[in-house]
Structure formats: C-alpha cells, structure tokens
>>> print(open('query_30.cif').read())   # mmCIF, C-alpha atoms
data_work
#
loop_
_atom_site.group_PDB
_atom_site.id
_atom_site.type_symbol
_atom_site.label_atom_id
_atom_site.label_comp_id
_atom_site.auth_asym_id
_atom_site.auth_seq_id
_atom_site.Cartn_x
_atom_site.Cartn_y
_atom_site.Cartn_z
ATOM 1 C CA MET O 1 27.832 23.285 -0.555
ATOM 2 C CA GLU O 2 30.413 21.800 1.816
ATOM 3 C CA GLU O 3 28.055 22.373 4.747
ATOM 4 C CA ILE O 4 25.226 20.540 2.944
ATOM 5 C CA ILE O 5 27.533 17.607 2.204
ATOM 6 C CA LEU O 6 28.675 17.542 5.845
ATOM 7 C CA LYS O 7 25.057 17.550 7.109
ATOM 8 C CA ASP O 8 24.218 14.795 4.618
ATOM 9 C CA LYS O 9 27.064 12.671 5.990
ATOM 10 C CA GLU O 10 25.991 13.345 9.579
ATOM 11 C CA LEU O 11 22.386 12.375 8.810
ATOM 12 C CA PHE O 12 23.613 9.245 7.028
ATOM 13 C CA LEU O 13 25.694 8.197 10.041
ATOM 14 C CA TYR O 14 22.740 8.747 12.366
ATOM 15 C CA LEU O 15 20.249 6.808 10.216
ATOM 16 C CA ASN O 16 22.637 4.023 9.286
ATOM 17 C CA ASN O 17 23.699 3.455 12.879
ATOM 18 C CA LEU O 18 20.065 3.027 13.964
ATOM 19 C CA GLY O 19 20.242 -0.412 12.333
ATOM 20 C CA SER O 20 21.156 -3.664 13.966
ATOM 21 C CA GLN O 21 22.365 -7.028 12.709
ATOM 22 C CA PRO O 22 19.050 -8.904 13.228
ATOM 23 C CA PHE O 23 17.373 -6.552 10.723
ATOM 24 C CA ASP O 24 20.121 -6.586 8.073
ATOM 25 C CA ALA O 25 18.669 -9.494 6.078
ATOM 26 C CA PHE O 26 15.242 -7.816 5.975
ATOM 27 C CA TRP O 27 16.646 -4.559 4.563
ATOM 28 C CA GLU O 28 18.800 -6.447 2.063
ATOM 29 C CA LEU O 29 15.641 -8.207 0.872
ATOM 30 C CA VAL O 30 13.729 -4.913 0.630
ATOM 31 C CA SER O 31 16.499 -3.526 -1.567
ATOM 32 C CA GLU O 32 16.468 -6.488 -3.979
ATOM 33 C CA ARG O 33 14.655 -5.771 -7.231
ATOM 34 C CA PHE O 34 13.460 -9.314 -7.888
ATOM 35 C CA VAL O 35 11.709 -9.686 -4.531
ATOM 36 C CA TRP O 36 9.123 -7.175 -5.759
ATOM 37 C CA ILE O 37 7.988 -9.263 -8.745
ATOM 38 C CA PRO O 38 4.755 -10.297 -6.936
ATOM 39 C CA LEU O 39 3.997 -6.599 -6.362
ATOM 40 C CA TYR O 40 4.587 -5.871 -10.047
ATOM 41 C CA VAL O 41 2.205 -8.681 -10.980
ATOM 42 C CA ILE O 42 -0.449 -7.184 -8.671
ATOM 43 C CA LEU O 43 0.139 -3.739 -10.210
ATOM 44 C CA CYS O 44 -0.297 -5.195 -13.695
ATOM 45 C CA TYR O 45 -3.536 -6.835 -12.572
ATOM 46 C CA LEU O 46 -4.843 -3.529 -11.150
ATOM 47 C CA LEU O 47 -3.982 -1.724 -14.370
ATOM 48 C CA TYR O 48 -5.536 -4.454 -16.504
ATOM 49 C CA LYS O 49 -8.767 -4.349 -14.453
ATOM 50 C CA ASN O 50 -9.031 -0.553 -14.627
ATOM 51 C CA PHE O 51 -8.089 0.150 -18.247
ATOM 52 C CA SER O 52 -8.852 -1.191 -21.692
ATOM 53 C CA LEU O 53 -6.401 -3.684 -23.150
ATOM 54 C CA LYS O 54 -5.010 -1.067 -25.538
ATOM 55 C CA ALA O 55 -4.543 1.477 -22.741
ATOM 56 C CA PHE O 56 -2.990 -1.224 -20.526
ATOM 57 C CA ILE O 57 -0.392 -1.989 -23.213
ATOM 58 C CA PHE O 58 0.456 1.714 -23.629
ATOM 59 C CA ILE O 59 0.748 2.102 -19.850
ATOM 60 C CA LEU O 60 3.219 -0.795 -19.683
ATOM 61 C CA ILE O 61 5.229 0.628 -22.587
ATOM 62 C CA PHE O 62 5.457 3.946 -20.715
ATOM 63 C CA VAL O 63 6.488 2.085 -17.528
ATOM 64 C CA ALA O 64 9.347 0.453 -19.448
ATOM 65 C CA LEU O 65 10.395 3.726 -21.083
ATOM 66 C CA GLY O 66 10.102 5.748 -17.868
ATOM 67 C CA THR O 67 12.069 3.231 -15.829
ATOM 68 C CA THR O 68 14.783 3.179 -18.480
ATOM 69 C CA VAL O 69 14.995 6.977 -18.521
ATOM 70 C CA SER O 70 15.008 7.114 -14.712
ATOM 71 C CA ASP O 71 17.736 4.494 -14.435
ATOM 72 C CA GLN O 72 19.940 5.911 -17.196
ATOM 73 C CA VAL O 73 19.756 9.498 -15.953
ATOM 74 C CA ALA O 74 20.888 8.241 -12.522
ATOM 75 C CA SER O 75 23.794 6.445 -14.192
ATOM 76 C CA ILE O 76 24.810 9.620 -16.036
ATOM 77 C CA PHE O 77 24.757 11.578 -12.762
ATOM 78 C CA LYS O 78 26.828 8.932 -10.956
ATOM 79 C CA HIS O 79 29.536 9.110 -13.605
ATOM 80 C CA GLY O 80 29.273 12.889 -13.865
ATOM 81 C CA PHE O 81 29.460 13.796 -10.175
ATOM 82 C CA LEU O 82 31.738 10.976 -8.968
ATOM 83 C CA ARG O 83 30.506 11.263 -5.376
ATOM 84 C CA PHE O 84 31.568 8.255 -3.353
ATOM 85 C CA ARG O 85 28.932 5.997 -1.880
ATOM 86 C CA PRO O 86 29.010 6.078 1.937
ATOM 87 C CA CYS O 87 30.535 2.603 2.090
ATOM 88 C CA LYS O 88 33.342 3.727 -0.266
ATOM 89 C CA ASP O 89 33.944 7.171 1.284
ATOM 90 C CA PRO O 90 37.433 7.177 2.900
ATOM 91 C CA GLU O 91 36.361 9.855 5.422
ATOM 92 C CA LEU O 92 33.654 7.603 6.862
ATOM 93 C CA GLN O 93 35.450 4.283 7.153
ATOM 94 C CA GLY O 94 34.820 2.667 10.528
ATOM 95 C CA LEU O 95 32.022 5.097 11.453
ATOM 96 C CA PHE O 96 29.013 3.256 10.016
ATOM 97 C CA ARG O 97 27.402 -0.155 9.683
ATOM 98 C CA LYS O 98 28.418 -1.721 6.381
ATOM 99 C CA VAL O 99 25.885 -4.351 5.338
ATOM 100 C CA VAL O 100 26.557 -4.857 1.614
ATOM 101 C CA THR O 101 29.300 -3.916 -0.821
ATOM 102 C CA PRO O 102 28.020 -2.474 -4.099
ATOM 103 C CA GLY O 103 29.993 -2.897 -7.306
ATOM 104 C CA SER O 104 30.248 0.758 -8.219
ATOM 105 C CA ASP O 105 32.141 3.362 -6.190
ATOM 106 C CA TYR O 106 29.814 6.274 -6.920
ATOM 107 C CA GLY O 107 26.266 6.810 -5.737
ATOM 108 C CA PHE O 108 24.915 10.270 -6.528
ATOM 109 C CA TYR O 109 21.997 9.814 -6.935
ATOM 110 C CA SER O 110 20.006 6.709 -6.002
ATOM 111 C CA ALA O 111 18.545 4.866 -9.003
ATOM 112 C CA HIS O 112 16.456 2.753 -6.591
ATOM 113 C CA ALA O 113 14.836 5.916 -5.217
ATOM 114 C CA SER O 114 14.379 7.395 -8.672
ATOM 115 C CA ASN O 115 12.851 4.241 -10.137
ATOM 116 C CA THR O 116 10.494 3.536 -7.241
ATOM 117 C CA PHE O 117 9.308 7.138 -6.985
ATOM 118 C CA PHE O 118 8.887 7.267 -10.772
ATOM 119 C CA LEU O 119 6.643 4.200 -10.602
ATOM 120 C CA ALA O 120 4.772 5.494 -7.538
ATOM 121 C CA THR O 121 4.074 8.870 -9.152
ATOM 122 C CA TYR O 122 3.215 7.492 -12.572
ATOM 123 C CA LEU O 123 0.825 4.816 -11.308
ATOM 124 C CA SER O 124 -0.711 7.063 -8.630
ATOM 125 C CA ILE O 125 -1.713 9.609 -11.223
ATOM 126 C CA LEU O 126 -3.186 6.939 -13.484
ATOM 127 C CA LEU O 127 -5.013 5.046 -10.719
ATOM 128 C CA LYS O 128 -5.866 7.759 -8.163
ATOM 129 C CA GLY O 129 -9.455 8.206 -9.359
ATOM 130 C CA LYS O 130 -10.029 4.459 -9.474
ATOM 131 C CA LEU O 131 -8.319 3.290 -6.247
ATOM 132 C CA LYS O 132 -8.354 5.945 -3.499
ATOM 133 C CA TRP O 133 -5.963 4.014 -1.208
ATOM 134 C CA PHE O 134 -3.398 3.325 -3.909
ATOM 135 C CA PRO O 135 -1.226 6.493 -3.856
ATOM 136 C CA ILE O 136 -0.514 6.219 -0.125
ATOM 137 C CA ALA O 137 0.357 2.523 -0.342
ATOM 138 C CA ILE O 138 2.694 2.872 -3.340
ATOM 139 C CA PHE O 139 4.493 5.919 -1.921
ATOM 140 C CA VAL O 140 5.041 4.096 1.388
ATOM 141 C CA TRP O 141 6.578 1.245 -0.643
ATOM 142 C CA ALA O 142 8.848 3.694 -2.529
ATOM 143 C CA ALA O 143 9.960 5.321 0.742
ATOM 144 C CA ILE O 144 10.757 1.950 2.352
ATOM 145 C CA VAL O 145 12.818 0.811 -0.641
ATOM 146 C CA SER O 146 14.612 4.157 -0.691
ATOM 147 C CA TYR O 147 15.397 4.041 3.038
ATOM 148 C CA SER O 148 16.872 0.561 2.587
ATOM 149 C CA ARG O 149 19.644 2.159 0.530
ATOM 150 C CA ILE O 150 20.696 4.326 3.494
ATOM 151 C CA TYR O 151 20.404 1.417 5.919
ATOM 152 C CA LEU O 152 22.653 -0.701 3.704
ATOM 153 C CA ALA O 153 25.238 2.142 3.501
ATOM 154 C CA VAL O 154 25.104 2.439 -0.282
ATOM 155 C CA HIS O 155 23.537 5.929 -0.435
ATOM 156 C CA PHE O 156 23.517 9.145 1.513
ATOM 157 C CA PRO O 157 20.116 10.656 2.419
ATOM 158 C CA GLY O 158 20.750 13.404 -0.172
ATOM 159 C CA ASP O 159 21.249 10.743 -2.867
ATOM 160 C CA VAL O 160 17.876 9.277 -1.946
ATOM 161 C CA LEU O 161 16.080 12.640 -1.789
ATOM 162 C CA ILE O 162 17.436 13.793 -5.156
ATOM 163 C CA GLY O 163 16.635 10.373 -6.647
ATOM 164 C CA ALA O 164 13.073 10.572 -5.313
ATOM 165 C CA PHE O 165 12.661 14.120 -6.645
ATOM 166 C CA ILE O 166 13.903 13.212 -10.124
ATOM 167 C CA GLY O 167 11.774 10.050 -10.116
ATOM 168 C CA ILE O 168 8.696 12.137 -9.276
ATOM 169 C CA ILE O 169 9.469 14.582 -12.109
ATOM 170 C CA ILE O 170 9.903 11.725 -14.596
ATOM 171 C CA GLY O 171 6.694 10.141 -13.271
ATOM 172 C CA LEU O 172 4.781 13.388 -13.824
ATOM 173 C CA ILE O 173 6.090 13.703 -17.384
ATOM 174 C CA PHE O 174 5.344 10.101 -18.310
ATOM 175 C CA SER O 175 1.890 10.115 -16.694
ATOM 176 C CA PHE O 176 1.041 13.252 -18.692
ATOM 177 C CA LEU O 177 2.189 11.529 -21.897
ATOM 178 C CA ALA O 178 0.358 8.298 -21.040
ATOM 179 C CA LYS O 179 -2.884 10.146 -20.297
ATOM 180 C CA LYS O 180 -2.608 11.954 -23.646
ATOM 181 C CA VAL O 181 -2.097 8.670 -25.528
ATOM 182 C CA ILE O 182 -4.910 6.932 -23.627
ATOM 183 C CA ALA O 183 -7.284 9.862 -24.279
ATOM 184 C CA LYS O 184 -6.364 9.814 -27.976
ATOM 185 C CA GLN O 185 -7.000 6.056 -28.156
ATOM 186 C CA THR O 186 -10.359 6.478 -26.373
ATOM 187 C CA ASP O 187 -11.376 9.255 -28.792
ATOM 188 C CA GLN O 188 -10.579 7.029 -31.772
ATOM 189 C CA ASN O 189 -12.853 4.226 -30.488
#
>>> encode(input="query_30.cif", output="structure tokens")
Amino acid sequence: MEEIILKDKELFLYLNNLGSQPFDAFWELVSERFVWIPLYVILCYLLYKNFSLKAFIFILIFVALGTTVSDQVASIFKHGFLRFRPCKDPELQGLFRKVVTPGSDYGFYSAHASNTFFLATYLSILLKGKLKWFPIAIFVWAAIVSYSRIYLAVHFPGDVLIGAFIGIIIGLIFSFLAKKVIAKQTDQN
C-alpha cells in the first residue's frame, strides 16, 4: 500500500507541476460548481425534450438523490481515512504548485470526481439511445472537472480515480432505478 501511495504522490507532483500561472484562473473556474449552471440548464432541456414530463420529474429527483449519496459517501470516506490533501500534506510542502487552499484537511476521495462521474454515467445511460454524441461529451466534461482538482493541488490522482469509480457505480445504480420507475410509469399510461 505504501508503494501505491508513493506512486500516487509522484504522479500528483508530475501532473500538478505541468501547470503554469497563466492557466490557474481557468482551472479554478472549471472547478467551481456554480459556473456549470448553464450546462445544467442545457441538460435539463435535453431531458425535458426526450422524456415525458412525469419521467423528467423522476429523473431530476434521482439526480438530486444520486448527487446527495455521491457527495455524502465521499464525506464519510474523507473523515474515515483522514488522508491529507496534497496541499496539506507535510511531506510535499514546497514541491508543488499551490493554487487554492481548501477548507478541509482531508481529501480521500474527490467528491467533485464522484459527483461529475455520477452525473455523466446516469445521464449517458438515460440519453445514449436518443443522443449518440452525448456520452462522450459528458464524460469529457467529468474528466476535465476531475483533473482540475489535481491541477489545483486539492486531490491526488488516486483520490480522483476512486471518486470517478464510485461515481460511476452510483450512476449505474441510479440509472437502473430510474429506468425501472420510468418503465413502470409508461406501463401505467
């Protein structure tokens, strides 16, 4: 396990040090949750256009529930594992580019990665038959947001990979549940 943690730190240092000051503001913006509100509005529009109103409402309810589960599980892990974020790790001080200072000391695993990959998986499964281009576009978005966390020195690559994996699992579960509910609603009509 120590060797994995060491490799994770080495990969973090490599990726983080690829950055440069002119790009810092861009990656800070990418990492902000509120900057993506226009994207969320577009996603709502796509869902509304491709599903009945009743199905659309259930889909949004499952988005809210899935995001809450994704976020809270990440919080439980952070307080359970107590792994320092890169920017708070005493062993790494002075070896990386520090762009932002997060409030919490612990970062295993990335809630940003989990939440974005949850949404990407969930919506891809629901929309893949209706919009062929959609899964690629939304997964690229999730990967960019997730990488921003490494760039900003708030997560190790392993934090992001585990967050993405758990987000995908939660997305699969919630898409299965949503499809069941939507099918049941369609059968009743």
>>> closest_atom_pairs(input="query_30.cif", of="region 56-134 of chain O", to="region 22-36 of chain O", cutoff="10 Å", atoms="all atoms listed in the file", output="tab-separated table")
residue	atom	partner	partner_atom	distance
O:Arg97	CA	O:Asp24	CA	9.8
O:Lys98	CA	O:Asp24	CA	9.8
O:Val99	CA	O:Asp24	CA	6.8
O:Val100	CA	O:Glu28	CA	7.9
O:His112	CA	O:Ser31	CA	8.0
>>> closest_residue(input="query_30.cif", among="O:Phe108, O:Tyr45, O:Phe134, O:Phe117", to="Ser146 (chain O)", atoms="all atoms listed in the file")
O:Phe117
>>> closest_atom_pairs(input="query_30.cif", of="region 89-180 of chain O", to="region 1-18 of chain O", cutoff="12 Å", atoms="all atoms listed in the file", output="CSV")
residue,atom,partner,partner_atom,distance
O:Asp89,CA,O:Lys9,CA,10.0
O:Glu91,CA,O:Lys9,CA,9.7
O:Leu92,CA,O:Lys9,CA,8.4
O:Gln93,CA,O:Leu13,CA,10.9
O:Gly94,CA,O:Leu13,CA,10.7
O:Leu95,CA,O:Leu13,CA,7.2
O:Phe96,CA,O:Leu13,CA,6.0
O:Arg97,CA,O:Asn17,CA,6.1
O:Lys98,CA,O:Asn16,CA,8.7
O:Val99,CA,O:Asn16,CA,9.8
O:Phe108,CA,O:Ile5,CA,11.7
O:Tyr147,CA,O:Leu15,CA,9.1
O:Ser148,CA,O:Asn16,CA,9.5
O:Arg149,CA,O:Asn16,CA,9.4
O:Ile150,CA,O:Asn16,CA,6.1
O:Tyr151,CA,O:Asn16,CA,4.8
O:Leu152,CA,O:Asn16,CA,7.3
O:Ala153,CA,O:Asn16,CA,6.6
O:Val154,CA,O:Asn16,CA,10.0
O:His155,CA,O:Phe12,CA,8.2
O:Phe156,CA,O:Phe12,CA,5.5
O:Pro157,CA,O:Phe12,CA,6.0
O:Gly158,CA,O:Asp8,CA,6.1
O:Asp159,CA,O:Asp8,CA,9.0
O:Val160,CA,O:Phe12,CA,10.7
O:Leu161,CA,O:Asp8,CA,10.6
O:Ile162,CA,O:Asp8,CA,11.9
>>> resolve_selection(input="query_30.cif", expression="the PyMOL selection byres ((chain O and resi 47) around 10)", output="PyMOL selection string")
chain O and resi 41-46+48-53+55-57+59-60+123+126-127+130
>>> closest_residue(input="query_30.cif", among="O:Ala143, O:Leu82, O:Ile136, O:Ala178", to="Gly66 (chain O)", atoms="all atoms listed in the file")
O:Ala178
>>> atom_distance(input="query_30.cif", atom1="CA of Lys78 (chain O)", atom2="CA of Tyr109 (chain O)")
6.3 Å
